[in-house]
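Visitor: Structure incoming, see below.
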Amino acid sequence: MAARRLRGPVISWGAVKWVPETRAYDEAFDRTAAPRPHYRALVGALESFTLSEIDRRERLQKISLVDQGITFTVYGEKEGIERIFPFDFVPRIITAREWERIEAGLIQRVTALNLFIADIYQDQKCLKDRVIPAELILSRKEYKRELLRVVPPRQIYTHVVGTDLIRNDAGEFLILEDNCRCPSGVSYVLENRNLLTRVFPELFTRYPVRPIRDYPRLLLDTLLWSSRASENPVAVVLTPGIHNSAYFEHSFLAREMGVFLVEGHDLIVEDSHVYMRTTHGRQRVDVIYRRVDEDFLDPLTFRRDSMLGVPGLVNVYREGNVAIANAPGAGVADDKAVYAYMPAIIKYYLDQEPLLGQVPTYVGLRGGDFAYMREHLTELVVKTTGDSGGYNMLMGPFASRKEIDAYAAQMKKAPGNFIAQPLIELSAHPTWIDGTFEPRRIDLRPFILYGETVRVLPGGLTRVALRAGSYVVNSSQGGGSKDTWVLADRGA
Amino acid sequence: MLSRVAAALYWMGRYLERAENVTRLLLVTEDFSSETQGLAEQLAQAAWKDLLAILPSAQLAPPVSAFASMSQTYLAGFFLDLGNHQSVIYALRRARENARSVREALTVEVFLALNETFRTLEAHSRRGLSDPPSLRDALVSTHKGLFTIGGAIEQTFPRDEGWFFLKLGEALERVYRTALVLRAKLPGLAAAEPRGDVALYYTQWRTLLRALGSLENYRRSYGARLEPELVVPFLMLDPHTSHSLRYGLEAVRDCLGRIGGAGDTTTTGRLIGRLHADLCYRDEPSQAGIGDPVFLDRVVDTMAQVHDALDAQYFAT
């Protein structure tokens, strides 16, 4: 990747150096390289440390991550590679006013998403009214025709949503994508907070940071709410197992919620109910928080070769005897092409304008869009609609001619599988890199819970692209994370 | 609790106990071998070879160099060789894999201690230790790590069903290993006479007690006097030393009782009850014939049967 990062002025008030961002929006510094008001106290606090003290604390924090086994698995490398998800200790701060807007926008969006999915699996009014092209929905593998007219308990499809936000160079928050299947990362949100309070407790004394430790309880409430069982419903977390990249999180959430962590073969279907195999025989299960891809949930309904699933599970779900969060089939809504239609979907179901903007998107399925995409590959970021995790995407502005040609050939074979967006200058945030606070690109994934009400965890996962000049924040592609602070409104 | 979780805890208990047993056996054998090899090389060699009987199906890589000392081959092979399924590093890795697969059922402290000990061991392995003194140092530090894990378990684990499965695995492994150690060592010791070198003869008995972590406990009961007719019954029947067969069998029995409930008459309960009775309530009131190889073989067999019955009753539901 070409070095396009322009090195700005280096500023320093004491022992440590700060480099403000010059191309994009800097979260901490304004255009004059002065700290923004809500970052002043943080910059001051960090200035009060010596270099060696900061280094010492950073080492402590790394040791802590390795010792606790807070790791994820990298695919495509040799099996068994456990990596820590690097943590940068400079917290990302969101003001109460900014958060108020984000929160309202997310609640609106998730409400609309849920209505949309319910409609797709029930009356398909939005297709009849041509809000969104029918072929876009009905041809997707995420659309599960087996589940047509299956109404989940309380009509909730998206119990947990992780929506990715970015901030453009005008300082405006935009939605980048929705994750309606099994969004991951919330364990890092909680662990990052733990880590920062231990390693830099001083930073917290100057800010009213909204607490987040309550998340597991809120999640459990959300899960139990979705059950039809009359009393003492039993919830479990379903994991693909220890080799899954997010296994740490599955086990973390089960432990924090105080529920069983089960694998597919721990569950069995009998008499239209789901049971788990215990040392005292079988015990009924009412709610499954599944962290298994829906295609692998039930080999009798979806993929026959699945070893991770529970044969017959979907039938029990159809009869309403088990709640599955998120509901199978919900993935139809987080498709990257559906994203392009989200403003229309919000308008259609809620008769409201979207409170949060989103990135202009070209959809390969639309002939005009596809022609534009092919001609402007050097300016666009192109993604496949199926993949996630930053796999198989083209960063046009940074790609070589050869890479672009190869990608264009792929696109030609199945235009409908591609979408494109202009390159957004993601905002940058001071990040501790080899003894200097340097700007690195970030995004934000808040977590939204849909239970009795729709609630947003204050903050979310701030991911940071640790490589200089990189825009890709995914953990599998050299990303790290930060603690995210949402400030309480002190009436100021 | 989930059958899978119960099985993982049981295996974690077994592998942790195995790692500790092998570490201890290596340290004790290394001491014995350095002490005796100038004096009676065959005895030192026999002590190392006994390990192959005590840790069945172990596979040792041939020595890297023709000049490598005998102890080095065994130390390296039983400590840091992942290819040897009876090595310390293999046992600890399996213990950690089991722990990782049921992390939500463990306490943070237990996982931390286990993870740290394993990582230190991996670091030793990467450094490619080969000389006996540094291997010995690493063994001592691993032994400490294993005790830290045990301490974390003792201090933080809830005393629920999971605890009893963990402790069951530990006790079963210990009984099994004690029986194998006695089975391997007693015939040789019985044949030896305190004729020529009295000091050497007693060193062997002292080593046996140390190999089963019981030297100090023995001294507390009988003082420094090492009489074979006291040592063997002590290792078989002493109710207070945690490595005696009797203590171990009672631990297995108690865990099974807590898991299966009062009046458990399943296969596992019956197998252990009979073995315990035959050990503790023998027909001959004297200690004659105690430590008989046929009985020790039966202990080993019964442990295998108990394991299979557990698997059928609790793990493969």
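Residues are referred to by chain and number: the chain letter is A, B, ... according to the order shown in the structure tokens, the number counts from 1 in that chain, and ligands are numbered separately from 1 in the order shown.
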Tell me, counting only C-alpha atoms, for each residue of chain B within 10 Å of chain A, which pair of atoms is nearest and how far apart they are in Å to one decimal, in rows ordered by chain and increasing number, as JSON lines.

Guide:
{"residue": "B:Met1", "atom": "CA", "partner": "A:Thr278", "partner_atom": "CA", "distance": 5.0}
{"residue": "B:Leu2", "atom": "CA", "partner": "A:Thr278", "partner_atom": "CA", "distance": 4.0}
{"residue": "B:Ser3", "atom": "CA", "partner": "A:Thr278", "partner_atom": "CA", "distance": 4.6}
{"residue": "B:Arg4", "atom": "CA", "partner": "A:Asp266", "partner_atom": "CA", "distance": 7.0}
{"residue": "B:Val5", "atom": "CA", "partner": "A:Thr278", "partner_atom": "CA", "distance": 8.8}
{"residue": "B:Ala6", "atom": "CA", "partner": "A:Thr279", "partner_atom": "CA", "distance": 7.3}
{"residue": "B:Ala7", "atom": "CA", "partner": "A:Thr279", "partner_atom": "CA", "distance": 9.5}
{"residue": "B:Glu97", "atom": "CA", "partner": "A:Ile242", "partner_atom": "CA", "distance": 8.8}
{"residue": "B:Asn98", "atom": "CA", "partner": "A:Ile242", "partner_atom": "CA", "distance": 9.8}
{"residue": "B:Arg100", "atom": "CA", "partner": "A:Ile242", "partner_atom": "CA", "distance": 7.2}
{"residue": "B:Ser101", "atom": "CA", "partner": "A:Ile242", "partner_atom": "CA", "distance": 5.6}
{"residue": "B:Val102", "atom": "CA", "partner": "A:Ser251", "partner_atom": "CA", "distance": 7.6}
{"residue": "B:Arg103", "atom": "CA", "partner": "A:Ser251", "partner_atom": "CA", "distance": 6.2}
{"residue": "B:Glu104", "atom": "CA", "partner": "A:Arg255", "partner_atom": "CA", "distance": 4.6}
{"residue": "B:Ala105", "atom": "CA", "partner": "A:Arg255", "partner_atom": "CA", "distance": 7.2}
{"residue": "B:Leu106", "atom": "CA", "partner": "A:Arg255", "partner_atom": "CA", "distance": 8.8}
{"residue": "B:Thr107", "atom": "CA", "partner": "A:Arg255", "partner_atom": "CA", "distance": 9.3}
{"residue": "B:Val108", "atom": "CA", "partner": "A:Gln68", "partner_atom": "CA", "distance": 7.8}
{"residue": "B:Glu109", "atom": "CA", "partner": "A:Gln68", "partner_atom": "CA", "distance": 9.1}
{"residue": "B:Phe111", "atom": "CA", "partner": "A:Gln68", "partner_atom": "CA", "distance": 7.5}
{"residue": "B:Leu112", "atom": "CA", "partner": "A:Gln68", "partner_atom": "CA", "distance": 5.6}
{"residue": "B:Ala113", "atom": "CA", "partner": "A:Asp67", "partner_atom": "CA", "distance": 8.4}
{"residue": "B:Leu114", "atom": "CA", "partner": "A:Asp67", "partner_atom": "CA", "distance": 9.4}
{"residue": "B:Asn115", "atom": "CA", "partner": "A:Asp67", "partner_atom": "CA", "distance": 6.5}
{"residue": "B:Glu116", "atom": "CA", "partner": "A:Asp67", "partner_atom": "CA", "distance": 6.1}
{"residue": "B:Thr117", "atom": "CA", "partner": "A:Asp67", "partner_atom": "CA", "distance": 9.9}
{"residue": "B:Arg119", "atom": "CA", "partner": "A:Asp67", "partner_atom": "CA", "distance": 8.7}
{"residue": "B:Glu161", "atom": "CA", "partner": "A:Thr279", "partner_atom": "CA", "distance": 9.2}
{"residue": "B:Ile259", "atom": "CA", "partner": "A:Thr279", "partner_atom": "CA", "distance": 8.8}
{"residue": "B:Gly260", "atom": "CA", "partner": "A:His280", "partner_atom": "CA", "distance": 8.9}
{"residue": "B:Gln313", "atom": "CA", "partner": "A:Thr279", "partner_atom": "CA", "distance": 8.0}
{"residue": "B:Tyr314", "atom": "CA", "partner": "A:Thr279", "partner_atom": "CA", "distance": 5.0}
{"residue": "B:Phe315", "atom": "CA", "partner": "A:Thr279", "partner_atom": "CA", "distance": 7.0}
{"residue": "B:Ala316", "atom": "CA", "partner": "A:Arg277", "partner_atom": "CA", "distance": 8.7}
{"residue": "B:Thr317", "atom": "CA", "partner": "A:Arg277", "partner_atom": "CA", "distance": 6.1}

Visitor: Using only C-alpha atoms, which protein or nucleic acid residues come within 12 Å of B:Leu52? Drop anything in the same chain fewer than 6 positions from it, and give the result as a PyMOL selection string.

Guide: chain B and resi 22+25-26+45-46+58-60+74+77-78+84-87+180-181+184-185

Visitor: Give me a file of those residues, with C-alpha atoms, as a PDB file, in the first residue's frame.

Guide:
ATOM      1  CA  VAL B  22       5.379 -37.140  36.059  1.00  0.00           C
ATOM      2  CA  LEU B  25       8.832 -38.817  39.274  1.00  0.00           C
ATOM      3  CA  LEU B  26      11.348 -37.092  37.022  1.00  0.00           C
ATOM      4  CA  GLN B  45      19.526 -47.255  34.657  1.00  0.00           C
ATOM      5  CA  ALA B  46      16.834 -49.494  36.089  1.00  0.00           C
ATOM      6  CA  ALA B  58       5.277 -43.652  26.423  1.00  0.00           C
ATOM      7  CA  GLN B  59       7.358 -43.071  23.336  1.00  0.00           C
ATOM      8  CA  LEU B  60      10.851 -41.772  23.785  1.00  0.00           C
ATOM      9  CA  TYR B  74      14.503 -39.513  29.823  1.00  0.00           C
ATOM     10  CA  GLY B  77      11.499 -37.102  26.624  1.00  0.00           C
ATOM     11  CA  PHE B  78       9.183 -37.075  29.620  1.00  0.00           C
ATOM     12  CA  ASN B  84       5.374 -38.367  23.977  1.00  0.00           C
ATOM     13  CA  HIS B  85       1.835 -38.674  25.288  1.00  0.00           C
ATOM     14  CA  GLN B  86       3.081 -39.306  28.794  1.00  0.00           C
ATOM     15  CA  SER B  87       5.180 -36.153  28.983  1.00  0.00           C
ATOM     16  CA  LEU B 180       1.758 -48.543  38.740  1.00  0.00           C
ATOM     17  CA  VAL B 181       4.671 -47.117  40.731  1.00  0.00           C
ATOM     18  CA  ALA B 184       7.093 -51.383  38.990  1.00  0.00           C
ATOM     19  CA  LYS B 185       9.236 -50.863  42.066  1.00  0.00           C
TER      20      LYS B 185
END

Visitor: Counting only C-alpha atoms, figure out which residue out of A:Ala34, A:Val382, A:Val90, A:Val287 gets nearest to A:Val464.

Guide: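 Nearest candidate to A:Val464 out of A:Ala34, A:Val382, A:Val90, A:Val287: A:Val90.
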
Visitor: Would you pick out the contacts of A:Tyr407 at 10 Å or less, using only C-alpha atoms, so that residues sharing its chain but fewer than 2 positions from it are not included, and give the list as a list of chain:residue names?

Guide: A:Leu377, A:Val382, A:Asn392, A:Met393, A:Leu394, A:Gly396, A:Arg401, A:Lys402, A:Glu403, A:Ile404, A:Asp405, A:Ala409, A:Gln410, A:Met411, A:Lys412

Visitor: Using only N, CA and C atoms, please write the residues we just selected to a file, as a PDB file, in the first residue's frame.

Guide:
ATOM      1  N   LEU A 377     -13.373   1.957 -10.658  1.00  0.00           N
ATOM      2  CA  LEU A 377     -12.809   1.034  -9.663  1.00  0.00           C
ATOM      3  C   LEU A 377     -11.650   1.647  -8.870  1.00  0.00           C
ATOM      4  N   VAL A 382     -14.802  -1.732  -3.082  1.00  0.00           N
ATOM      5  CA  VAL A 382     -15.785  -2.700  -3.548  1.00  0.00           C
ATOM      6  C   VAL A 382     -15.808  -3.872  -2.575  1.00  0.00           C
ATOM      7  N   ASN A 392     -11.952 -10.449   1.244  1.00  0.00           N
ATOM      8  CA  ASN A 392     -12.366 -10.329  -0.152  1.00  0.00           C
ATOM      9  C   ASN A 392     -12.947  -8.969  -0.536  1.00  0.00           C
ATOM     10  N   MET A 393     -12.261  -7.895  -0.148  1.00  0.00           N
ATOM     11  CA  MET A 393     -12.700  -6.591  -0.616  1.00  0.00           C
ATOM     12  C   MET A 393     -11.585  -5.913  -1.413  1.00  0.00           C
ATOM     13  N   LEU A 394     -11.992  -4.951  -2.246  1.00  0.00           N
ATOM     14  CA  LEU A 394     -11.006  -4.227  -3.046  1.00  0.00           C
ATOM     15  C   LEU A 394     -10.974  -2.784  -2.580  1.00  0.00           C
ATOM     16  N   GLY A 396      -9.972   0.187  -3.956  1.00  0.00           N
ATOM     17  CA  GLY A 396      -9.573   0.724  -5.251  1.00  0.00           C
ATOM     18  C   GLY A 396      -8.429   1.730  -5.213  1.00  0.00           C
ATOM     19  N   ARG A 401      -2.843  -2.019 -10.544  1.00  0.00           N
ATOM     20  CA  ARG A 401      -3.607  -2.269 -11.765  1.00  0.00           C
ATOM     21  C   ARG A 401      -3.986  -3.748 -11.872  1.00  0.00           C
ATOM     22  N   LYS A 402      -3.004  -4.594 -11.519  1.00  0.00           N
ATOM     23  CA  LYS A 402      -3.210  -6.036 -11.629  1.00  0.00           C
ATOM     24  C   LYS A 402      -4.330  -6.502 -10.697  1.00  0.00           C
ATOM     25  N   GLU A 403      -4.277  -5.998  -9.468  1.00  0.00           N
ATOM     26  CA  GLU A 403      -5.311  -6.380  -8.486  1.00  0.00           C
ATOM     27  C   GLU A 403      -6.690  -5.943  -8.980  1.00  0.00           C
ATOM     28  N   ILE A 404      -6.755  -4.724  -9.539  1.00  0.00           N
ATOM     29  CA  ILE A 404      -8.038  -4.198 -10.011  1.00  0.00           C
ATOM     30  C   ILE A 404      -8.571  -5.039 -11.162  1.00  0.00           C
ATOM     31  N   ASP A 405      -7.677  -5.397 -12.091  1.00  0.00           N
ATOM     32  CA  ASP A 405      -8.125  -6.208 -13.242  1.00  0.00           C
ATOM     33  C   ASP A 405      -8.650  -7.560 -12.791  1.00  0.00           C
ATOM     34  N   ALA A 409     -12.563  -8.910 -13.163  1.00  0.00           N
ATOM     35  CA  ALA A 409     -12.943 -10.165 -13.817  1.00  0.00           C
ATOM     36  C   ALA A 409     -13.924 -10.944 -12.933  1.00  0.00           C
ATOM     37  N   GLN A 410     -13.634 -10.955 -11.644  1.00  0.00           N
ATOM     38  CA  GLN A 410     -14.532 -11.617 -10.685  1.00  0.00           C
ATOM     39  C   GLN A 410     -15.910 -10.986 -10.714  1.00  0.00           C
ATOM     40  N   MET A 411     -15.914  -9.633 -10.737  1.00  0.00           N
ATOM     41  CA  MET A 411     -17.186  -8.891 -10.682  1.00  0.00           C
ATOM     42  C   MET A 411     -18.071  -9.199 -11.882  1.00  0.00           C
ATOM     43  N   LYS A 412     -17.420  -9.364 -13.020  1.00  0.00           N
ATOM     44  CA  LYS A 412     -18.166  -9.567 -14.254  1.00  0.00           C
ATOM     45  C   LYS A 412     -19.005 -10.858 -14.186  1.00  0.00           C
TER      46      LYS A 412
END

Visitor: Taking the chain letters and numbering used in this document, name the residues of stretch 27-216 of chain B that DSSP puts in helix (DSSP H, G or I), as a VMD selection string.

Guide: chain B and resid 27 to 36 41 to 54 70 to 79 88 to 101 103 to 105 108 to 127 132 to 156 161 to 191 198 to 211 215 to 216

Visitor: Show which residues sit within 10 Å of stretch 244-251 of chain B, as a ChimeraX atom specification. Count only C-alpha atoms, and ignore same-chain residues fewer than 5 positions away.

Guide: /B:164,167-168,170-179,182,212-214,232-239,256-257,272-273,275-277,279-280,296,299,303

Visitor: Write out as a ChimeraX atom specification the residues lying within 9 Å of B:Asp292, counting only C-alpha atoms and excluding same-chain residues fewer than 6 positions away.

Guide: /B:183,186-187

Visitor: If I take atom CA of A:Gly451 and atom CA of A:Arg154, how far is one from the other in Å, to one decimal?

Guide: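 Those two atoms sit 9.1 Å apart.
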
Visitor: Under the rule that only C-alpha atoms are counted, which of A:Ala468, A:Asp369, A:Tyr349, A:Ala340 is the nearest residue to A:Leu176?

Guide: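 Nearest candidate to A:Leu176 out of A:Ala468, A:Asp369, A:Tyr349, A:Ala340: A:Ala340.
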
Visitor: Per DSSP on the backbone, what are the strand (DSSP E or B) residues of stretch 169-333 of chain A, as a PyMOL selection string?

Guide: chain A and resi 173-179+209+235-238+260-262+267-270+273-278+281-285+287-290+323-325

Visitor: Between A:Asn244, A:Ala24, A:Glu249, A:Gly312, which one has atoms that come closest to A:Tyr471, using only C-alpha atoms?

Guide: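 The closest residue to A:Tyr471 is A:Ala24.
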